[in-house]
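Below: one structure, written as structure tokens.
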Amino acid sequence: MIMLHYWRAMWGIINRELWRFITQRERFISALIRPLVWLFVFAAGFRASLGLAITPPYETYILYEVYITPGLIGMIQLFNGMQSSLSMVYDREMGSMRILMVCPLPRWFLLLSKLLAGTGVSLLQVYVFLAIAWFYDIHAPWQGYLGILPALILSGLMLGALGLLLSSFIKQLENFAGVMNFVIFPMFFMSTALYPLWKMKESSPLLSLLAHYNPFSQAVELIRFALYGQFNQSAFIYTLAAFLIFMAAAIIGYNPSKGMMVKKGGA
Amino acid sequence: MKTAIALSIDNLSFSYSGKKALDQVSFEIKAGECTLLLGPNGAGKSTLFSLITRLYDTHEGRIELCGFDIKQQTQAALARLGVVFQQTTLDMDLTVLQNLRYHTALHGMGRKQSLQRIEQELDRLNMFDRRFEKIRQLNGGHRRRVEIARALLHKPALLLLDEPTVGLDVPSRLAIVDYVHQLASDENLAILWASHLIDEIYPEDHLLVLHKGQIRAKGTVNEVLNTTNTPTIKEAFYNLTQGAQA
């Protein structure tokens with residue numbers, strides 16, 4: 001009976017997120033436009049100036065558009081994670097977060113359900129993006145489109161957990177601009193989403209080191225390998241560890257007796 | 001026959017950064033009682049609600065809902081609680097039905113039971129025909145009705161209302177005040193209603209007057225009038241809060 005309660009609650013939270021996503025058409029379109037602009041405009045412009053050597057998982061020379069596709073998938077999930085974080089802060093300010101927090105289930109479970117719901121939404125966005133990219137001649141092996149799913153779930157959970165953690169620290173919606181400047185942009189640009197590590201090392205060994213330890217880079221590499229039917233073990237372990245750390249910290253952040261909510265005086 | 005105690009608060013204190021928001025607050029609410037929590041702005045009403053709903057952690061004192069300690073047996077206690085917050089907590093882009101289905105899911109109710117309860121509660125508030133409308137399309141009074149219906153879906157033993165009539169027109173306000181009082185007697189529901197509007201008090205109500213984090217008076221309307229030796233609640237309230245704005 002208790003398990004059934006948990007299942008129904010989790011399904012209810014996922015359903016609500018999907019309902020919201022479907023009704024907010026602008027959110028869906030803007031989530032797709034962002035990576036498509038990077039793919040059609042940025043990548044096309046940089047194709048000529050950035051040469052790429054043959055590096056795993058690629059077995060031949062590839063176009064720059066092909067290289068950045070996994071990075072743009074990561075970008076979709078990164079922005080989706082931050083969008084969820086923003087909506088948590090908004091829900092908290094507007095009060096609807098309270099309805100979730102006063103329901104008779106443990107907070108860790110509610111946060112995990114919220115995270116799964118956000119990841120589910122990001123999966124829809126990623127597959128629509130991949131479908132558009134396919135028409136732009138960016139093809140992966142067919143098994144890659146299936147193999148990428150577990151990688152997307154893990155990376156979506158990790159980036160969503162980071163968003164949750166941030167939302168436990170951010171008191172007001174206005175402070176969210178800081179998250180863009182101090183989290184999203186450094187995380188995205190200081191990663192392997194746009195350039196491979198070896199290329200970065202040529203210009204700055206320090207930057208390359210930072211990019212290597214950036215959890216977003218590891219998530220992108222996990223996706224990149226999975227898209228070509230390969231398993232990147234170190235990226236998997238790193239992404240999993242980052243997810244567990246971010247999630248644990250977010251649970252503490254939302255715990256009324258331990259977290260930031262005590263100091264801020266609200267949930 | 002002994003009446004069940006729905007809410008018991010014992011020596012509850014709470015401070016924000018050194019400032020005491022609640023100081024040694026103790027009271028009980030029994031099933032079927034409608035208790036109005038009166039207090040000027042900053043009296044500690046919202047803090048008290050946040051502690052009862054476990055949005056804040058209890059450091060000093062004890063809160064029990066139907067005998068379950070909110071700190072130790074949080075889930076069992078929260079399962080018996082229905083809340084209407086001061087701010088609207090409905091999802092504006094979803095329909096009435098979707099909002100209510102979300103709530104029943106959080107309380108572990110199956111589809112059939114959920115739809116049955118939603119129909120019952122919406123019907124009682126004359127809102128069933130509007131179940132497919134988006135919340136954004138409803139006026140303030142109707143939104144409040146939906147929130148009250150939602151708080152009752154899982155059949156709580158205690159209903160908390162945090163100034164639910166703020167910003168409503170007079171007919172909507174009176175309808176809600178009347179409906180909630182009826183709930184206490186018909187459903188044997190314990191109600192704690194935070195308000196600063198004295199005209200929302202019915203003669204049979206219980207009162208709690210909170211000022212500067214302390215309970216200044218508690219009891220039935222008559223008991224409070226007798227204790228303060230005043231002819232009206234308005235004067236009693238004025239005396240108890242030493243001229244603070246009601």
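Simple scheme: letters A, B, ... for chains in structure tokens order, numbers from 1 for residues in each chain, numbers from 1 for ligands in the order shown.
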Spatial neighbours of segment 118-135 of chain A, 10 Å, only C-alpha atoms, chain gap at least 6 places, as a short mmCIF file (atom, residue, chain, number, x, y, z; two decimals) with N, CA and C atoms, in the first residue's frame:
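New file out_27.cif:
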```cif
data_model
loop_
_atom_site.label_atom_id
_atom_site.label_comp_id
_atom_site.auth_asym_id
_atom_site.auth_seq_id
_atom_site.Cartn_x
_atom_site.Cartn_y
_atom_site.Cartn_z
N ILE A 13 3.54 13.62 -10.03
CA ILE A 13 4.51 14.71 -10.20
C ILE A 13 5.02 14.75 -11.65
N ILE A 14 5.30 13.57 -12.20
CA ILE A 14 5.78 13.49 -13.59
C ILE A 14 4.68 13.99 -14.54
N ASN A 15 3.47 13.54 -14.30
CA ASN A 15 2.34 13.95 -15.13
C ASN A 15 2.15 15.47 -15.13
N GLU A 17 4.37 17.76 -14.54
CA GLU A 17 5.45 18.40 -15.28
C GLU A 17 5.20 18.30 -16.79
N LEU A 18 4.71 17.13 -17.22
CA LEU A 18 4.42 16.95 -18.64
C LEU A 18 3.25 17.83 -19.08
N ARG A 20 2.38 20.63 -17.80
CA ARG A 20 2.89 22.01 -17.83
C ARG A 20 3.71 22.24 -19.08
N PHE A 21 4.53 21.26 -19.40
CA PHE A 21 5.42 21.40 -20.55
C PHE A 21 4.60 21.48 -21.85
N ILE A 22 3.57 20.67 -21.93
CA ILE A 22 2.73 20.67 -23.13
C ILE A 22 1.97 21.99 -23.26
N PHE A 28 8.89 24.95 -24.99
CA PHE A 28 9.35 23.86 -25.83
C PHE A 28 10.10 24.41 -27.04
N ILE A 29 9.51 25.44 -27.65
CA ILE A 29 10.13 26.01 -28.85
C ILE A 29 11.47 26.66 -28.49
N ALA A 31 13.40 25.98 -26.05
CA ALA A 31 14.36 24.95 -25.66
C ALA A 31 14.99 24.31 -26.90
N LEU A 32 14.25 24.30 -28.01
CA LEU A 32 14.77 23.71 -29.24
C LEU A 32 15.55 24.71 -30.07
N ILE A 33 15.07 25.96 -30.06
CA ILE A 33 15.70 26.99 -30.89
C ILE A 33 17.18 27.18 -30.49
N PRO A 35 19.66 25.21 -29.14
CA PRO A 35 20.69 24.32 -29.72
C PRO A 35 20.68 24.34 -31.25
N LEU A 36 19.50 24.61 -31.84
CA LEU A 36 19.46 24.61 -33.31
C LEU A 36 20.21 25.82 -33.87
N LEU A 39 23.73 24.91 -33.78
CA LEU A 39 24.04 23.91 -34.80
C LEU A 39 24.08 24.53 -36.19
N PHE A 40 23.06 25.31 -36.53
CA PHE A 40 22.95 25.84 -37.89
C PHE A 40 23.82 27.08 -38.12
N GLU A 65 29.90 20.10 -36.97
CA GLU A 65 28.49 19.94 -36.56
C GLU A 65 28.28 18.60 -35.86
N VAL A 66 28.97 17.58 -36.38
CA VAL A 66 28.83 16.25 -35.79
C VAL A 66 29.46 16.24 -34.40
N THR A 69 27.24 18.06 -31.72
CA THR A 69 25.87 17.56 -31.46
C THR A 69 25.71 17.00 -30.03
N PRO A 70 26.61 16.13 -29.55
CA PRO A 70 26.44 15.67 -28.14
C PRO A 70 26.53 16.81 -27.14
N LEU A 72 25.53 19.84 -27.69
CA LEU A 72 24.25 20.56 -27.73
C LEU A 72 23.15 19.78 -27.03
N ILE A 73 23.27 18.46 -27.08
CA ILE A 73 22.31 17.63 -26.31
C ILE A 73 22.51 17.92 -24.83
N GLY A 74 23.79 17.98 -24.43
CA GLY A 74 24.10 18.33 -23.04
C GLY A 74 23.56 19.71 -22.71
N MET A 75 23.67 20.62 -23.68
CA MET A 75 23.18 21.99 -23.46
C MET A 75 21.67 21.97 -23.20
N ILE A 76 20.95 21.17 -23.97
CA ILE A 76 19.49 21.07 -23.77
C ILE A 76 19.22 20.63 -22.33
N GLN A 77 19.97 19.63 -21.89
CA GLN A 77 19.72 19.10 -20.55
C GLN A 77 20.19 20.06 -19.46
N LEU A 78 21.28 20.77 -19.74
CA LEU A 78 21.77 21.76 -18.78
C LEU A 78 20.74 22.87 -18.59
N PHE A 79 20.24 23.39 -19.71
CA PHE A 79 19.25 24.46 -19.61
C PHE A 79 17.94 23.95 -19.03
N ASN A 80 17.60 22.72 -19.34
CA ASN A 80 16.38 22.16 -18.78
C ASN A 80 16.49 22.01 -17.26
N GLY A 81 17.68 21.56 -16.83
CA GLY A 81 17.93 21.43 -15.38
C GLY A 81 17.80 22.78 -14.70
N MET A 82 18.35 23.81 -15.37
CA MET A 82 18.31 25.15 -14.77
C MET A 82 16.88 25.72 -14.83
N GLN A 83 16.17 25.36 -15.91
CA GLN A 83 14.76 25.79 -16.03
C GLN A 83 13.94 25.18 -14.88
N SER A 84 14.22 23.91 -14.57
CA SER A 84 13.52 23.26 -13.45
C SER A 84 13.86 23.97 -12.15
N SER A 85 15.14 24.33 -12.03
CA SER A 85 15.58 25.03 -10.83
C SER A 85 14.86 26.37 -10.72
N LEU A 112 13.36 13.69 -5.67
CA LEU A 112 13.76 12.72 -6.69
C LEU A 112 12.68 12.63 -7.78
N TYR A 145 20.83 5.66 -31.08
CA TYR A 145 19.64 6.41 -30.66
C TYR A 145 18.94 5.74 -29.48
N LEU A 149 19.83 6.56 -24.50
CA LEU A 149 18.76 6.80 -23.51
C LEU A 149 19.25 6.70 -22.06
N LEU A 152 21.37 9.63 -21.29
CA LEU A 152 20.58 10.86 -21.16
C LEU A 152 19.88 10.92 -19.81
N ILE A 153 19.40 9.77 -19.34
CA ILE A 153 18.72 9.75 -18.05
C ILE A 153 19.70 10.14 -16.95
N LEU A 154 20.91 9.53 -16.99
CA LEU A 154 21.89 9.84 -15.95
C LEU A 154 22.34 11.30 -16.03
N SER A 155 22.64 11.76 -17.24
CA SER A 155 23.12 13.15 -17.34
C SER A 155 21.99 14.12 -16.98
N GLY A 156 20.75 13.77 -17.37
CA GLY A 156 19.61 14.62 -17.02
C GLY A 156 19.42 14.68 -15.51
N LEU A 157 19.59 13.54 -14.85
CA LEU A 157 19.46 13.51 -13.39
C LEU A 157 20.56 14.33 -12.74
N MET A 158 21.77 14.20 -13.26
CA MET A 158 22.91 14.92 -12.65
C MET A 158 22.72 16.44 -12.80
N LEU A 159 22.34 16.88 -14.00
CA LEU A 159 22.19 18.32 -14.22
C LEU A 159 20.94 18.84 -13.50
N GLY A 160 19.91 18.01 -13.44
CA GLY A 160 18.71 18.40 -12.69
C GLY A 160 18.99 18.51 -11.20
N ALA A 161 19.82 17.58 -10.68
CA ALA A 161 20.17 17.62 -9.26
C ALA A 161 20.98 18.88 -8.95
#
```
Exercise. Counting only C-alpha atoms, what is within 12 Å of Arg111 of chain B, bar same-chain residues fewer than 2 positions away, as a list in words?
Worked result: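 These residues fall inside the cut-off: Arg8, Ala9, Trp11 and Gly12 of chain A; Leu97, Leu100, Arg101, Tyr102, His103, Thr104, Ala105, His107, Gly108, Met109, Gln113, Ser114, Leu115, Gln116, Arg117 and Ile118 of chain B.
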For this session: Might you pull out every residue within 8 Å of segment 210-225 of chain A, with only C-alpha atoms counted and same-chain residues fewer than 6 positions away left off, and present them as a VMD selection string?
Result: chain A and resid 56 to 57 70 to 71 73 to 74 148 151 to 152 155 159 187 to 188 190 to 193 197 231 to 232 235 to 236 238 to 239 242
Could you make a table, as a Markdown table, of the residues of chain B that have an atom within 7 Å of an atom of chain A, each with its nearest atom pair and distance in Å to one decimal, counting only C-alpha atoms, in chain and number order?
```
| residue | atom | partner | partner_atom | distance |
| --- | --- | --- | --- | --- |
| B:Thr53 | CA | A:Val102 | CA | 6.0 |
| B:Leu55 | CA | A:Ala267 | CA | 5.8 |
| B:Tyr56 | CA | A:Pro256 | CA | 5.4 |
| B:Asp57 | CA | A:Ser257 | CA | 5.0 |
| B:Gln75 | CA | A:Pro104 | CA | 4.3 |
| B:Ala76 | CA | A:Pro104 | CA | 6.8 |
| B:Leu78 | CA | A:Pro104 | CA | 5.1 |
| B:Ala79 | CA | A:Pro104 | CA | 5.1 |
| B:Gln87 | CA | A:Gly95 | CA | 6.2 |
| B:Thr88 | CA | A:Gly95 | CA | 6.8 |
| B:Thr89 | CA | A:Ser96 | CA | 4.0 |
| B:Leu90 | CA | A:Ser96 | CA | 6.2 |
| B:Asp93 | CA | A:Arg20 | CA | 6.9 |
| B:Tyr102 | CA | A:Gly12 | CA | 5.5 |
| B:Ala105 | CA | A:Ala9 | CA | 4.7 |
| B:Leu106 | CA | A:Ala9 | CA | 4.3 |
| B:His107 | CA | A:Cys103 | CA | 6.7 |
| B:Gly108 | CA | A:His5 | CA | 3.9 |
```
Can I get the selected residues back with N, CA and C atoms, as a CSV table (one decimal), in the first residue's frame?
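Result written to again-v5.csv:
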```csv
chain,number,residue,atom,x,y,z
B,53,THR,N,3.0,23.0,9.5
B,53,THR,CA,3.1,22.3,8.3
B,53,THR,C,4.5,21.7,8.0
B,55,LEU,N,7.1,23.2,7.3
B,55,LEU,CA,8.0,24.0,6.4
B,55,LEU,C,9.2,24.5,7.2
B,56,TYR,N,9.0,24.8,8.5
B,56,TYR,CA,10.1,25.2,9.4
B,56,TYR,C,10.3,24.0,10.3
B,57,ASP,N,11.5,23.9,10.8
B,57,ASP,CA,11.8,22.9,11.8
B,57,ASP,C,11.5,23.3,13.2
B,75,GLN,N,5.2,12.1,8.3
B,75,GLN,CA,4.3,11.7,7.3
B,75,GLN,C,2.9,11.4,7.8
B,76,ALA,N,2.9,10.7,9.0
B,76,ALA,CA,1.6,10.3,9.6
B,76,ALA,C,0.9,11.6,10.0
B,78,LEU,N,1.3,14.7,8.6
B,78,LEU,CA,0.9,15.5,7.5
B,78,LEU,C,-0.3,14.9,6.7
B,79,ALA,N,-0.4,13.6,6.8
B,79,ALA,CA,-1.5,12.9,6.1
B,79,ALA,C,-2.9,13.4,6.7
B,87,GLN,N,-1.3,32.7,0.0
B,87,GLN,CA,-1.1,32.9,-1.4
B,87,GLN,C,-1.7,31.8,-2.2
B,88,THR,N,-2.2,32.1,-3.4
B,88,THR,CA,-2.7,31.0,-4.2
B,88,THR,C,-1.6,30.0,-4.6
B,89,THR,N,-1.9,28.7,-4.3
B,89,THR,CA,-0.8,27.7,-4.6
B,89,THR,C,-1.3,26.8,-5.7
B,90,LEU,N,-2.2,27.3,-6.6
B,90,LEU,CA,-2.7,26.5,-7.7
B,90,LEU,C,-1.8,26.7,-8.9
B,93,ASP,N,-1.7,27.4,-15.2
B,93,ASP,CA,-1.8,26.9,-16.5
B,93,ASP,C,-2.5,25.5,-16.6
B,102,TYR,N,-3.5,16.2,-9.2
B,102,TYR,CA,-2.1,16.3,-8.7
B,102,TYR,C,-2.1,16.1,-7.2
B,105,ALA,N,-2.9,12.5,-6.2
B,105,ALA,CA,-1.8,11.6,-6.5
B,105,ALA,C,-0.8,11.8,-5.3
B,106,LEU,N,-0.5,13.0,-4.9
B,106,LEU,CA,0.4,13.2,-3.8
B,106,LEU,C,0.0,12.5,-2.5
B,107,HIS,N,-1.3,12.3,-2.4
B,107,HIS,CA,-1.8,11.6,-1.2
B,107,HIS,C,-2.1,10.2,-1.5
B,108,GLY,N,-1.6,9.7,-2.6
B,108,GLY,CA,-1.7,8.2,-2.9
B,108,GLY,C,-3.0,7.7,-3.3
```
Exercise. Asn11 of chain B: which residues within 12 Å, counting only C-alpha atoms, same-chain residues fewer than 6 positions away excluded, as a PyMOL selection string?
Worked result: chain B and resi 22-28+58-64+213-215
Keeping C-alpha atoms for every residue in the selection just given, could you write it to a file as a tab-separated table (two decimals), in the first residue's frame?
```
chain	number	residue	atom	x	y	z
B	22	LEU	CA	6.94	32.62	18.91
B	23	ASP	CA	7.34	32.42	22.65
B	24	GLN	CA	6.07	29.47	24.72
B	25	VAL	CA	2.89	28.98	22.69
B	26	SER	CA	0.56	26.23	23.95
B	27	PHE	CA	-2.99	25.35	22.90
B	28	GLU	CA	-5.22	22.51	21.71
B	58	THR	CA	10.61	22.78	15.42
B	59	HIS	CA	13.50	23.48	17.78
B	60	GLU	CA	11.68	24.17	21.04
B	61	GLY	CA	8.35	22.69	22.05
B	62	ARG	CA	6.15	20.03	20.53
B	63	ILE	CA	3.45	19.88	17.85
B	64	GLU	CA	1.14	16.89	17.58
B	213	GLY	CA	4.72	35.74	19.47
B	214	GLN	CA	2.72	35.15	22.64
B	215	ILE	CA	-0.80	33.88	23.22
```
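Of note, atom CA of Asn239 of chain B and atom CA of Phe85 of chain B are spaced 28.3 Å apart.
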Exercise. Atom CA of Gln86 of chain B and atom CA of Ile29 of chain B, how far apart in Å?
Worked result: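 Straight-line distance from atom CA of Ile29 of chain B to atom CA of Gln86 of chain B works out to 20.7 Å.
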For this session: Between atom CA of Glu202 of chain A and atom CA of Ser234 of chain A, measure the distance and give it in Å to one decimal.
Result: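 Straight-line distance from atom CA of Glu202 of chain A to atom CA of Ser234 of chain A works out to 23.1 Å.
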For this session: Compile the contact shell of Pro141 of chain A as a ChimeraX atom specification: residues with an atom at most 8 Å away, counting only C-alpha atoms, same-chain residues fewer than 5 positions apart removed.
Result: /A:227-229
Restricted to N, CA and C atoms, what would the selected residues look like written as an mmCIF file, in the first residue's frame?
```
data_model
loop_
_atom_site.group_PDB
_atom_site.id
_atom_site.type_symbol
_atom_site.label_atom_id
_atom_site.label_comp_id
_atom_site.auth_asym_id
_atom_site.auth_seq_id
_atom_site.Cartn_x
_atom_site.Cartn_y
_atom_site.Cartn_z
ATOM 1 N N LEU A 227 26.073 7.726 -28.041
ATOM 2 C CA LEU A 227 25.446 7.989 -29.341
ATOM 3 C C LEU A 227 26.094 7.144 -30.444
ATOM 4 N N TYR A 228 27.330 6.723 -30.207
ATOM 5 C CA TYR A 228 28.007 5.870 -31.194
ATOM 6 C C TYR A 228 28.120 4.427 -30.702
ATOM 7 N N GLY A 229 27.202 4.070 -29.786
ATOM 8 C CA GLY A 229 27.102 2.679 -29.329
ATOM 9 C C GLY A 229 28.239 2.239 -28.435
#
```
Problem set entry | Lys19 of chain B surroundings by only C-alpha atoms, 12 Å radius, close-in-sequence under 3 positions cut, as a count of residues only | 10
For this session: Return as an NGL selection string the full set of residues in segment 3-218 of chain B whose backbone-based DSSP assignment is helix (DSSP H, G or I).
Result: :B and (45-52 or 74-78 or 96-106 or 111-124 or 128-130 or 135-137 or 140-152 or 170-187 or 198-200)
